[in-house]
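With compact mmCIF, C-alpha atoms inside, this is target18.txt:
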```
# COMPACT_ATOMS: atom_id res chain seq x y z
CA MET D 1 34.37 74.18 23.12
CA HIS D 2 36.39 70.99 23.37
CA PRO D 3 34.79 68.36 25.69
CA SER D 4 38.15 67.16 26.98
CA ALA D 5 38.84 70.62 28.38
CA ASP D 6 36.16 70.05 31.10
CA ALA D 7 37.32 66.67 32.33
CA ASP D 8 40.52 66.38 34.31
CA PRO D 9 42.10 63.08 33.35
CA ALA D 10 43.35 62.64 36.96
CA ASP D 11 39.73 62.57 38.19
CA GLY D 12 38.72 59.71 35.94
CA PRO D 13 38.09 56.27 37.38
CA ASP D 14 41.04 54.89 35.47
CA ALA D 15 43.46 57.53 36.74
CA PRO D 16 46.46 56.16 38.72
CA GLY D 17 45.34 58.05 41.92
CA SER D 18 41.88 56.48 41.75
CA ASP D 19 43.37 53.00 41.31
CA ARG D 20 45.61 53.51 44.33
CA ARG D 21 42.68 54.70 46.49
CA ARG D 22 40.61 51.70 45.42
CA LEU D 23 43.52 49.34 46.22
CA ILE D 24 44.03 50.92 49.66
CA GLY D 25 40.29 50.61 50.34
CA LEU D 26 40.36 46.95 49.33
CA ILE D 27 43.39 46.22 51.52
CA VAL D 28 41.86 48.00 54.56
CA GLY D 29 38.55 46.16 54.03
CA ALA D 30 40.33 42.81 53.67
CA VAL D 31 42.45 43.40 56.81
CA VAL D 32 39.38 44.40 58.90
CA THR D 33 37.41 41.37 57.63
CA ALA D 34 40.36 39.04 58.33
CA LEU D 35 40.71 40.45 61.88
CA VAL D 36 37.00 39.93 62.60
CA ILE D 37 37.22 36.32 61.30
CA VAL D 38 40.36 35.64 63.39
CA LEU D 39 38.65 37.02 66.54
CA LEU D 40 35.57 34.87 65.89
CA VAL D 41 37.68 31.74 65.36
CA VAL D 42 39.79 32.42 68.50
CA GLY D 43 36.57 32.95 70.50
CA LEU D 44 35.05 29.72 69.22
CA VAL D 45 38.22 27.68 69.80
CA ASN D 46 38.62 29.02 73.37
CA ARG D 47 34.98 28.30 74.11
CA SER D 48 35.40 24.60 73.48
CA ALA D 49 37.08 22.96 76.45
CA SER D 50 40.64 21.77 75.99
CA THR D 51 41.37 18.13 76.84
CA ALA D 52 45.18 18.25 76.72
CA ILE D 53 45.51 16.99 80.34
CA ASP D 54 43.20 14.00 79.82
CA ASP D 55 44.80 13.24 76.42
CA ALA D 56 48.29 13.19 78.00
CA LEU D 57 47.11 10.99 80.90
CA GLU D 58 45.45 8.58 78.48
CA ALA D 59 48.72 8.35 76.54
CA GLY D 60 50.48 7.35 79.78
CA ALA D 61 52.24 10.71 80.27
CA ARG D 62 52.10 13.02 83.29
CA PRO D 63 51.43 16.58 82.14
CA PRO D 64 52.80 19.41 84.31
CA ALA D 65 50.28 20.89 86.74
CA PRO D 66 49.50 24.56 86.02
CA ASP D 67 51.10 27.06 88.39
CA LEU D 68 48.06 28.55 90.11
CA THR D 69 48.34 31.44 92.55
CA LEU D 70 45.22 32.01 94.63
CA PRO D 71 44.24 33.48 98.03
CA VAL D 72 44.16 31.11 100.98
CA LEU D 73 40.71 30.30 102.41
CA VAL D 74 41.91 27.73 104.97
CA SER D 75 45.64 27.52 105.62
CA GLY D 76 47.68 24.38 106.15
CA PRO D 77 51.27 23.04 106.23
CA GLY D 78 53.48 24.80 103.68
CA LEU D 79 50.87 27.47 102.93
CA PRO D 80 50.75 31.16 103.90
CA PRO D 81 48.07 32.50 106.30
CA VAL D 82 44.40 33.06 105.31
CA GLY D 83 43.93 35.88 102.80
CA GLU D 84 47.49 35.74 101.45
CA ASP D 85 48.28 34.27 98.05
CA ALA D 86 49.50 30.68 97.81
CA SER D 87 50.93 28.99 94.77
CA LEU D 88 50.83 25.34 93.76
CA ALA D 89 54.57 25.70 93.22
CA ASP D 90 54.90 26.27 97.01
CA LEU D 91 53.90 22.60 97.44
CA LYS D 92 56.38 21.18 94.93
CA GLY D 93 58.13 18.17 96.44
CA LYS D 94 54.89 17.05 98.10
CA VAL D 95 52.14 14.80 96.77
CA VAL D 96 49.06 17.02 96.41
CA LEU D 97 45.45 15.99 95.95
CA VAL D 98 43.76 19.05 94.41
CA ASN D 99 39.98 19.09 94.67
CA LEU D 100 37.79 21.69 92.88
CA TRP D 101 34.60 22.27 94.86
CA ALA D 102 31.74 24.69 95.54
CA SER D 103 29.34 24.96 98.47
CA TRP D 104 26.23 24.78 96.23
CA CYS D 105 27.37 21.52 94.61
CA GLY D 106 25.56 18.43 95.94
CA PRO D 107 28.25 15.81 95.09
CA CYS D 108 30.83 18.07 96.82
CA ARG D 109 28.83 17.61 100.03
CA ASP D 110 28.99 13.82 99.60
CA GLU D 111 32.74 13.73 99.02
CA ALA D 112 33.84 16.31 101.63
CA PRO D 113 33.93 13.73 104.52
CA VAL D 114 35.85 11.29 102.24
CA LEU D 115 38.46 13.93 101.43
CA GLU D 116 38.77 14.76 105.13
CA GLU D 117 39.40 11.06 105.79
CA ILE D 118 42.07 10.90 103.05
CA TRP D 119 43.72 14.00 104.55
CA ASN D 120 43.77 12.43 108.02
CA THR D 121 45.09 9.12 106.67
CA TYR D 122 47.81 10.46 104.39
CA ARG D 123 48.98 13.81 105.79
CA ALA D 124 51.64 12.09 107.95
CA LYS D 125 52.98 10.40 104.79
CA GLY D 126 53.51 13.77 103.07
CA VAL D 127 50.25 14.10 101.13
CA THR D 128 48.43 17.43 101.10
CA VAL D 129 44.73 17.53 100.27
CA LEU D 130 44.13 20.99 98.77
CA GLY D 131 40.61 22.23 98.08
CA ILE D 132 40.02 25.00 95.55
CA ASP D 133 36.65 26.66 96.00
CA ILE D 134 35.33 27.99 92.67
CA GLN D 135 32.23 29.81 91.38
CA ASP D 136 31.17 30.42 94.95
CA LEU D 137 30.58 33.15 97.49
CA SER D 138 33.38 33.16 100.08
CA SER D 139 30.87 33.39 102.96
CA ASP D 140 29.09 30.26 101.64
CA ALA D 141 32.44 28.50 101.25
CA ARG D 142 33.45 29.28 104.84
CA ALA D 143 30.04 28.08 106.11
CA PHE D 144 30.50 24.80 104.13
CA ILE D 145 33.97 24.21 105.64
CA LYS D 146 32.59 24.84 109.14
CA GLU D 147 29.51 22.62 108.58
CA TYR D 148 31.63 19.62 107.51
CA GLY D 149 34.48 20.31 109.94
CA LEU D 150 37.05 20.27 107.13
CA THR D 151 40.62 20.73 108.32
CA TYR D 152 42.48 20.32 105.02
CA PRO D 153 43.60 23.59 103.39
CA SER D 154 41.57 25.34 100.71
CA LEU D 155 42.24 28.15 98.28
CA ARG D 156 39.60 30.46 96.83
CA ASP D 157 39.17 31.14 93.11
CA GLY D 158 36.43 33.60 92.24
CA SER D 159 37.36 34.10 88.59
CA ASP D 160 37.56 30.49 87.34
CA ASP D 161 41.32 30.62 86.58
CA SER D 162 41.93 27.20 88.13
CA LYS D 163 38.94 25.65 86.37
CA SER D 164 40.23 26.67 82.95
CA ALA D 165 43.90 25.94 83.79
CA LEU D 166 42.99 22.44 85.00
CA GLU D 167 40.56 21.98 82.08
CA ALA D 168 37.76 21.08 84.49
CA THR D 169 34.22 20.97 83.16
CA GLY D 170 32.50 21.41 86.51
CA VAL D 171 32.65 20.50 90.18
CA PRO D 172 33.76 18.34 91.85
CA GLU D 173 36.94 17.34 90.04
CA THR D 174 40.09 15.94 91.64
CA TYR D 175 43.73 15.84 90.50
CA LEU D 176 46.61 13.88 92.01
CA ILE D 177 49.90 15.75 91.59
CA ASP D 178 53.22 13.96 92.12
CA ARG D 179 56.34 15.30 93.84
CA LYS D 180 57.67 16.69 90.55
CA GLY D 181 54.55 18.84 90.09
CA ARG D 182 53.04 16.61 87.39
CA ILE D 183 49.42 15.47 87.19
CA ALA D 184 49.24 11.70 87.74
CA LEU D 185 45.45 11.30 87.88
CA HIS D 186 42.32 13.28 86.98
CA LEU D 187 38.98 12.26 88.42
CA ALA D 188 35.89 14.05 87.09
CA GLY D 189 33.06 13.64 89.58
CA PRO D 190 32.99 12.92 93.29
CA VAL D 191 35.48 10.82 95.27
CA SER D 192 33.20 8.14 96.68
CA SER D 193 35.61 6.37 99.07
CA THR D 194 39.17 6.48 100.41
CA GLU D 195 39.87 3.16 98.67
CA GLN D 196 39.10 4.79 95.31
CA LEU D 197 42.24 6.92 95.64
CA SER D 198 44.47 4.95 98.02
CA GLY D 199 45.99 2.87 95.18
CA PRO D 200 47.07 5.84 93.02
CA ILE D 201 48.24 7.83 96.09
CA ASP D 202 50.37 4.88 97.32
CA GLN D 203 51.86 4.51 93.84
CA VAL D 204 52.78 8.19 93.60
CA LEU D 205 54.19 8.12 97.14
CA ALA D 206 56.35 5.16 96.12
CA GLY D 207 57.72 7.28 93.29
CA LYS D 208 56.00 5.29 90.57
CA MET Z 1 -5.58 79.40 97.55
CA PRO Z 2 -3.11 78.24 100.29
CA ARG Z 3 -5.64 75.54 101.21
CA ARG Z 4 -5.69 74.32 97.60
CA LEU Z 5 -1.87 74.30 97.50
CA ALA Z 6 -1.75 72.34 100.78
CA ALA Z 7 -4.22 69.80 99.37
CA PHE Z 8 -2.15 69.46 96.18
CA VAL Z 9 1.06 68.90 98.18
CA ALA Z 10 -0.73 66.31 100.36
CA ILE Z 11 -1.96 64.41 97.27
CA LEU Z 12 1.52 64.57 95.71
CA LEU Z 13 3.16 63.23 98.89
CA SER Z 14 0.63 60.39 99.17
CA ALA Z 15 1.25 59.46 95.54
CA LEU Z 16 5.02 59.43 96.16
CA ALA Z 17 4.54 57.33 99.31
CA LEU Z 18 2.48 54.80 97.34
CA ALA Z 19 5.11 54.69 94.60
CA ALA Z 20 7.99 54.25 97.09
CA PRO Z 21 7.94 50.42 97.25
CA ALA Z 22 7.98 50.28 93.45
CA MET Z 23 11.02 52.58 93.35
CA SER Z 24 13.03 50.57 95.89
CA LEU Z 25 15.88 48.40 94.60
CA THR Z 26 14.92 44.89 93.51
CA VAL Z 27 17.02 41.73 93.14
CA VAL Z 28 16.25 41.67 89.39
CA GLU Z 29 17.63 45.19 88.89
CA VAL Z 30 21.00 44.12 90.32
CA ALA Z 31 20.86 40.60 88.87
CA ARG Z 32 20.63 41.84 85.29
CA GLU Z 33 23.96 43.69 85.74
CA VAL Z 34 25.92 40.52 86.61
CA ARG Z 35 26.25 37.08 85.11
CA CYS Z 36 25.95 33.63 86.56
CA PRO Z 37 29.50 32.16 86.91
CA THR Z 38 28.44 28.63 85.99
CA CYS Z 39 26.11 29.31 83.04
CA ASN Z 40 27.46 32.67 81.74
CA THR Z 41 23.96 34.10 81.28
CA PRO Z 42 22.67 37.23 83.04
CA LEU Z 43 21.82 36.35 86.63
CA ASP Z 44 18.17 37.47 86.33
CA VAL Z 45 17.51 34.70 83.77
CA SER Z 46 19.69 32.04 85.45
CA ASN Z 47 18.39 29.51 87.93
CA SER Z 48 21.48 27.35 88.51
CA PRO Z 49 22.35 26.62 92.17
CA ALA Z 50 25.20 29.17 92.02
CA ALA Z 51 22.84 31.81 90.57
CA GLU Z 52 20.27 31.14 93.28
CA ARG Z 53 22.92 31.64 95.97
CA MET Z 54 23.99 34.91 94.35
CA LYS Z 55 20.37 36.14 94.26
CA ILE Z 56 20.04 35.36 97.97
CA PHE Z 57 23.28 37.31 98.56
CA ILE Z 58 21.86 40.28 96.60
CA ALA Z 59 18.56 40.13 98.56
CA GLN Z 60 20.49 40.11 101.86
CA ARG Z 61 22.57 43.13 100.80
CA ILE Z 62 19.43 45.03 99.73
CA GLU Z 63 17.88 44.19 103.10
CA ALA Z 64 21.04 45.48 104.79
CA GLY Z 65 20.58 48.82 102.98
CA ASP Z 66 23.28 48.61 100.30
CA ASP Z 67 22.70 50.43 97.03
CA LYS Z 68 23.01 48.87 93.58
CA GLN Z 69 26.63 49.91 93.02
CA GLN Z 70 27.75 48.68 96.45
CA ILE Z 71 26.24 45.25 95.76
CA ILE Z 72 27.79 45.05 92.28
CA ASP Z 73 31.17 46.09 93.75
CA ALA Z 74 30.85 43.33 96.38
CA LEU Z 75 30.15 40.76 93.64
CA VAL Z 76 33.17 42.01 91.65
CA VAL Z 77 35.32 41.48 94.77
CA GLU Z 78 33.94 37.92 95.01
CA PHE Z 79 34.10 36.90 91.33
CA GLY Z 80 36.30 39.45 89.55
CA ARG Z 81 35.30 41.92 86.80
CA GLY Z 82 34.29 39.04 84.55
CA VAL Z 83 31.07 38.80 86.59
CA LEU Z 84 29.78 42.03 84.97
CA THR Z 85 27.45 41.62 81.99
CA THR Z 86 28.82 44.82 80.39
CA PRO Z 87 32.45 45.95 80.59
CA PRO Z 88 33.09 48.99 82.83
CA LYS Z 89 33.54 52.36 81.06
CA GLU Z 90 37.10 52.86 82.29
CA GLY Z 91 40.69 51.85 81.56
CA PHE Z 92 41.31 49.28 78.84
CA ASP Z 93 37.64 48.17 78.99
CA LEU Z 94 36.76 51.49 77.32
CA VAL Z 95 37.98 49.92 74.06
CA ALA Z 96 34.87 47.70 74.05
CA TRP Z 97 32.69 50.84 74.04
CA ILE Z 98 34.80 53.10 71.78
CA VAL Z 99 35.57 50.67 68.94
CA PRO Z 100 31.95 49.93 67.90
CA ILE Z 101 31.06 53.67 68.05
CA ALA Z 102 34.20 54.57 66.05
CA LEU Z 103 33.33 51.93 63.44
CA VAL Z 104 29.76 53.27 63.05
CA VAL Z 105 30.96 56.92 62.82
CA GLY Z 106 33.71 55.92 60.35
CA GLY Z 107 31.19 53.98 58.26
CA LEU Z 108 28.77 56.91 58.14
CA ALA Z 109 31.59 59.31 57.20
CA ALA Z 110 32.68 56.99 54.39
CA ILE Z 111 29.20 56.87 52.78
CA PRO Z 112 29.54 60.16 50.76
CA PHE Z 113 32.95 59.11 49.39
CA VAL Z 114 31.78 55.63 48.46
CA THR Z 115 28.55 56.82 46.79
CA ARG Z 116 30.46 59.52 44.82
CA SER Z 117 32.92 56.89 43.64
CA TRP Z 118 30.08 54.55 42.60
CA ALA Z 119 28.24 57.38 40.78
CA ARG Z 120 31.42 58.34 38.90
CA ARG Z 121 32.03 54.74 37.84
CA ARG Z 122 28.38 54.35 36.71
CA ARG Z 123 28.53 57.60 34.70
CA ASP Z 124 31.68 56.37 33.01
CA ASP Z 125 30.09 52.98 32.22
CA LEU Z 126 27.09 54.70 30.60
CA ALA Z 127 29.28 56.92 28.36
CA PRO Z 128 29.30 55.44 24.82
CA GLU Z 129 32.54 54.28 23.32
CA ILE Z 130 33.69 56.55 20.44
CA SER Z 131 35.71 55.09 17.67
CA ALA Z 132 38.89 56.87 16.55
CA GLU Z 133 37.20 57.81 13.27
CA ASP Z 134 34.16 59.38 15.07
CA ALA Z 135 36.44 61.18 17.49
CA ALA Z 136 38.40 62.69 14.61
CA ARG Z 137 35.17 63.80 12.88
CA LEU Z 138 33.89 65.33 16.15
CA GLU Z 139 37.16 67.22 16.61
CA ASP Z 140 36.88 68.41 13.05
CA GLU Z 141 33.28 69.68 13.46
CA LEU Z 142 34.01 71.39 16.75
CA ARG Z 143 37.00 73.16 15.21
CA ARG Z 144 34.77 74.27 12.34
CA ASP Z 145 32.17 75.59 14.83
CA ASP Z 146 34.83 77.52 16.76
CA GLY Z 147 36.08 78.94 13.53
```
Entire entry expressed as C-alpha cells:
Amino acid sequence: MHPSADADPADGPDAPGSDRRRLIGLIVGAVVTALVIVLLVVGLVNRSASTAIDDALEAGARPPAPDLTLPVLVSGPGLPPVGEDASLADLKGKVVLVNLWASWCGPCRDEAPVLEEIWNTYRAKGVTVLGIDIQDLSSDARAFIKEYGLTYPSLRDGSDDSKSALEATGVPETYLIDRKGRIALHLAGPVSSTEQLSGPIDQVLAGK
Amino acid sequence: MPRRLAAFVAILLSALALAAPAMSLTVVEVAREVRCPTCNTPLDVSNSPAAERMKIFIAQRIEAGDDKQQIIDALVVEFGRGVLTTPPKEGFDLVAWIVPIALVVGGLAAIPFVTRSWARRRRDDLAPEISAEDAARLEDELRRDDG
C-alpha cells in the first residue's frame, strides 16, 4: 500500500487551510492582548491625577470651569430649591467661589466660618460662595451646616464627579470662577482668612 | 418517647438561642460589601475619617432594624453604585461577570484544538526527510511488493 494514500494533504500542517487557521489564531490573540494592554494603560493613566487646571493657571491662562450638575443641599440666589439639580452654568455671569468640603474633614471646620464671612462680605457685590459637599453622608453634611450656621448655598456630590472634574486631590479645595465661567484661582487646602481671598476676588470683580 | 423528643427540641431551641447573637448582622458584614470613598479600599479594612462615619451609619441602621440589602441600598443612594466593592449582577454591569467566565470557558474549549495542532506539528517535525532518490526507490519497492 502507498503511504501517501493514508495522508490527506489538506490535513498537513503546511496545507493552506492550516496556515489560514494559524494566522486567524495569531490575529485574534494579538487583538485580545492589545486590548488588555490598552485597558491597563487607560486605567493607569486615569488613576494618576490630571493637573491641567493648575498647569493652565501657572501659565497665566484661565481654564474653563467644568459644567457640573449636582443636587442642591442648601439653596441660594440663582439656584433651584433643595433636592433639585443645579448646574454651575446657572451661575454664569456671576463670580463664584467654589469650595469642596466634607463634614469629617478637620480643616473644613476651620475654614467654614471664614467662608461664611466672605459670603456675607461679598454677596452684595455679586459673588456667590458655593460649597460642594463630597465623599460624605448627606445627614452629616446637613448637621455640619447647622452646627456652623452656614447660609451660603451648597451642592451635594456623592459620586466624586466634581472632585475629578476639578482635579482636586482632597478636601478642602477652593476655586474662584470669573463671570465668563473660567477658573481664575485654585487654592488647595483651607482658606485661613478673608484677606487671603479678598485680593483675587476684587480683581475678578473688576474684570481683571 | 415524647418526653425524649420534648427534651431534644428544648436543647435545640436553647442552642439556637445561644447562636442568635452570632447570626445577627454585623457592621463588618455590610462594610466588606462597600468601599471607602476616600481610600478606595473595602470599608471593613479602612479607617479613614470618612470610613469611620460610614461604619457609624451602618451600625445605626443595624440598630434601627434594617437588613444588609437595605443598608447597602441606602449607601448606594448616598454615594452612587461606585460605592459597591463588586459590580451588581444586572444591566451593563453583568459584562464584568460574564466576560471572565466566557474567557475561561473559551480557553478550556480551545485546549483540545490547540493540543491536537501541537501534536500534529511535532509528529511532522519528527518525520525524517526523504531524498528524491530514496523516495523513488521506496515507490519502486512498494510497487514490486504489490505486484
Please list, as an mmCIF file with C-alpha atoms, keeping the file's coordinate frame, the residues that have an atom at most 9 Å away from (30.8, 42.4, 87.1) in the coordinates of this file, counting all atoms listed in the file.
```cif
data_model
loop_
_atom_site.group_PDB
_atom_site.id
_atom_site.type_symbol
_atom_site.label_atom_id
_atom_site.label_comp_id
_atom_site.auth_asym_id
_atom_site.auth_seq_id
_atom_site.Cartn_x
_atom_site.Cartn_y
_atom_site.Cartn_z
ATOM 1 C CA GLU Z 33 23.960 43.690 85.740
ATOM 2 C CA VAL Z 34 25.920 40.520 86.610
ATOM 3 C CA ARG Z 35 26.250 37.080 85.110
ATOM 4 C CA ILE Z 72 27.790 45.050 92.280
ATOM 5 C CA ASP Z 73 31.170 46.090 93.750
ATOM 6 C CA LEU Z 75 30.150 40.760 93.640
ATOM 7 C CA VAL Z 76 33.170 42.010 91.650
ATOM 8 C CA VAL Z 77 35.320 41.480 94.770
ATOM 9 C CA PHE Z 79 34.100 36.900 91.330
ATOM 10 C CA GLY Z 80 36.300 39.450 89.550
ATOM 11 C CA ARG Z 81 35.300 41.920 86.800
ATOM 12 C CA GLY Z 82 34.290 39.040 84.550
ATOM 13 C CA VAL Z 83 31.070 38.800 86.590
ATOM 14 C CA LEU Z 84 29.780 42.030 84.970
ATOM 15 C CA THR Z 85 27.450 41.620 81.990
ATOM 16 C CA THR Z 86 28.820 44.820 80.390
ATOM 17 C CA PRO Z 87 32.450 45.950 80.590
ATOM 18 C CA PRO Z 88 33.090 48.990 82.830
#
```
Next on the checklist: Residues of chain D within 6 Å of chain Z, counting only C-alpha atoms, what are they? List them as a list in words.
Outcome noted: Trp104, Gln135, Gly158 and Ser159 of chain D
Next on the checklist: One number please: atom CA of Ile98 of chain Z to atom CA of Val28 of chain Z, in Å, one decimal.
Outcome noted: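 Distance reported for this atom pair: 28.0 Å.
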Checklist entry - In terms of the shortest atom-to-atom distance over only C-alpha atoms, which of D:Val204, D:Leu35, D:Leu23, D:Ala86 is closest to Asp178 of chain D? => result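 Smallest separation from Asp178 of chain D among the options: D:Val204.
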Checklist outcome for this item: As a check of understanding: the span from atom CA of Lys94 of chain D to atom CA of Arg179 of chain D is 4.8 Å
Next on the checklist: To one decimal place in Å, what is the distance between atom CA of Leu103 of chain Z and atom CA of Val42 of chain D?
Outcome noted: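 Atom-to-atom, atom CA of Leu103 of chain Z and atom CA of Val42 of chain D are spaced 21.2 Å apart.
Residues in contact with segment 52-54 of chain D at up to 8 Å, not including ones fewer than 3 positions away on its chain and judged by all atoms listed in the file, are Leu57, Glu58, Pro63, Leu166, Glu167 and His186 of chain D.
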Same residues, C-alpha atoms, output as an mmCIF file, in the frame of the given file:
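Listing of result-v8.cif after writing:
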```
data_model
loop_
_atom_site.group_PDB
_atom_site.id
_atom_site.type_symbol
_atom_site.label_atom_id
_atom_site.label_comp_id
_atom_site.auth_asym_id
_atom_site.auth_seq_id
_atom_site.Cartn_x
_atom_site.Cartn_y
_atom_site.Cartn_z
ATOM 1 C CA LEU D 57 47.110 10.990 80.900
ATOM 2 C CA GLU D 58 45.450 8.580 78.480
ATOM 3 C CA PRO D 63 51.430 16.580 82.140
ATOM 4 C CA LEU D 166 42.990 22.440 85.000
ATOM 5 C CA GLU D 167 40.560 21.980 82.080
ATOM 6 C CA HIS D 186 42.320 13.280 86.980
#
```
Checklist entry - Can you tell me, as a ChimeraX atom specification, which residues sit within 10 Å of (35.7, 26.1, 105.3) in the file's frame, using all atoms listed in the file? => result /D:73-74,103,131,133,138-155
Item to check | All residues 12 Å or closer to Leu205 of chain D, only C-alpha atoms, same chain fewer than 5 positions away omitted, as a list of chain:residue names | outcome: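 Returned residues: D:Gly93, D:Lys94, D:Val95, D:Val96, D:Leu97, D:Tyr122, D:Arg123, D:Ala124, D:Lys125, D:Gly126, D:Val127, D:Thr128, D:Leu176, D:Ile177, D:Asp178, D:Arg179, D:Lys180, D:Ala184, D:Ser198, D:Gly199, D:Pro200.
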Checklist entry - Closest to Gln69 of chain Z among Z:Val30, Z:Leu126, Z:Ala136, Z:Val114, using only C-alpha atoms? => result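 Answer, going by the shortest atom-to-atom distance: Z:Val30.
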Checklist entry - Leaving out Ile62 of chain Z and any residue of its chain fewer than 5 positions from it, which residues lie within 10 Å of it when counting all atoms listed in the file, given as a ChimeraX atom specification? => result /Z:24-27,30,56-57,67-68,70-71
